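Participant: This is the structure, below, for whatever I ask next.
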Amino acid sequence: MVKMKTMTCKQLGGACDLEFHADTFEEMAEQSKKHGMEMFQSGDVGHLRAMHKMKELMQSPGAMTEWFENKRKEFDALPPGTPKS
Ligand SMILES: [Zn+2]
């Protein structure tokens, strides 16, 4: 069994409750990014707002790294296993 972890779009700085399942944080971030781009392209207002906030955050040096590290810690603290397959 693969020990996947689950995080939602919202937990990763997004705007909806879509769940991402991944073994590593990098994979998780990648899925979140891809989803964010799709929502951005479809012009979803909630995600546009969330993305704008992230952009503002990235303006200050080190903020993105800090955000990333915090999320990684959150990911590491998650119990493994998917509630739904
Ligand atoms: Zn989303």
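Here, A, B, ... name the chains of the structure tokens in the order displayed, residue numbers run from 1 inside each chain, and ligands are numbered from 1 in the same displayed order.
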Return as CSV the residues of chain A lying at most 12 Å from ligand 1, together with the closest atom-to-atom pair for each and the distance in Å to one decimal, counting only C-alpha atoms and all ligand atoms, with rows in chain order and ascending residue number.
Facilitator:
residue,atom,partner,partner_atom_place_in_ligand_line,distance
A:Met7,CA,ligand 1,1 (Zn),11.1
A:Thr8,CA,ligand 1,1 (Zn),7.8
A:Cys9,CA,ligand 1,1 (Zn),4.6
A:Lys10,CA,ligand 1,1 (Zn),6.7
A:Gln11,CA,ligand 1,1 (Zn),9.7
A:Leu12,CA,ligand 1,1 (Zn),9.0
A:Gly13,CA,ligand 1,1 (Zn),8.8
A:Gly14,CA,ligand 1,1 (Zn),5.2
A:Ala15,CA,ligand 1,1 (Zn),4.9
A:Cys16,CA,ligand 1,1 (Zn),4.1
A:Asp17,CA,ligand 1,1 (Zn),6.4
A:Leu18,CA,ligand 1,1 (Zn),5.6
A:Glu19,CA,ligand 1,1 (Zn),8.5
A:Phe20,CA,ligand 1,1 (Zn),9.8
A:Gln31,CA,ligand 1,1 (Zn),10.4
A:Ser32,CA,ligand 1,1 (Zn),7.7
A:Lys33,CA,ligand 1,1 (Zn),9.5
A:Lys34,CA,ligand 1,1 (Zn),9.9
A:His35,CA,ligand 1,1 (Zn),6.4
A:Gly36,CA,ligand 1,1 (Zn),6.2
A:Met37,CA,ligand 1,1 (Zn),9.6
A:Glu38,CA,ligand 1,1 (Zn),9.1
A:Met39,CA,ligand 1,1 (Zn),7.0
A:Phe40,CA,ligand 1,1 (Zn),9.6
A:Ser42,CA,ligand 1,1 (Zn),11.6
A:Gly43,CA,ligand 1,1 (Zn),11.9
A:Asp44,CA,ligand 1,1 (Zn),9.1
A:Val45,CA,ligand 1,1 (Zn),10.7
A:Gly46,CA,ligand 1,1 (Zn),8.3
A:His47,CA,ligand 1,1 (Zn),6.4
A:Leu48,CA,ligand 1,1 (Zn),10.1
A:Arg49,CA,ligand 1,1 (Zn),11.3
A:Ala50,CA,ligand 1,1 (Zn),9.2
A:Met51,CA,ligand 1,1 (Zn),10.4
Participant: Per residue of region 12-40 of chain A within 12 Å of region 57-73 of chain A, record the nearest atom pair and its distance in Å to one decimal, counting only C-alpha atoms, with rows in chain order and ascending residue number, as a tab-separated table.
Facilitator:
residue	atom	partner	partner_atom	distance
A:Leu12	CA	A:Lys71	CA	7.1
A:Gly13	CA	A:Lys71	CA	9.4
A:Thr24	CA	A:Arg72	CA	9.2
A:Phe25	CA	A:Arg72	CA	6.1
A:Glu26	CA	A:Arg72	CA	8.7
A:Glu27	CA	A:Arg72	CA	11.2
A:Met28	CA	A:Arg72	CA	9.7
A:Ala29	CA	A:Phe68	CA	9.0
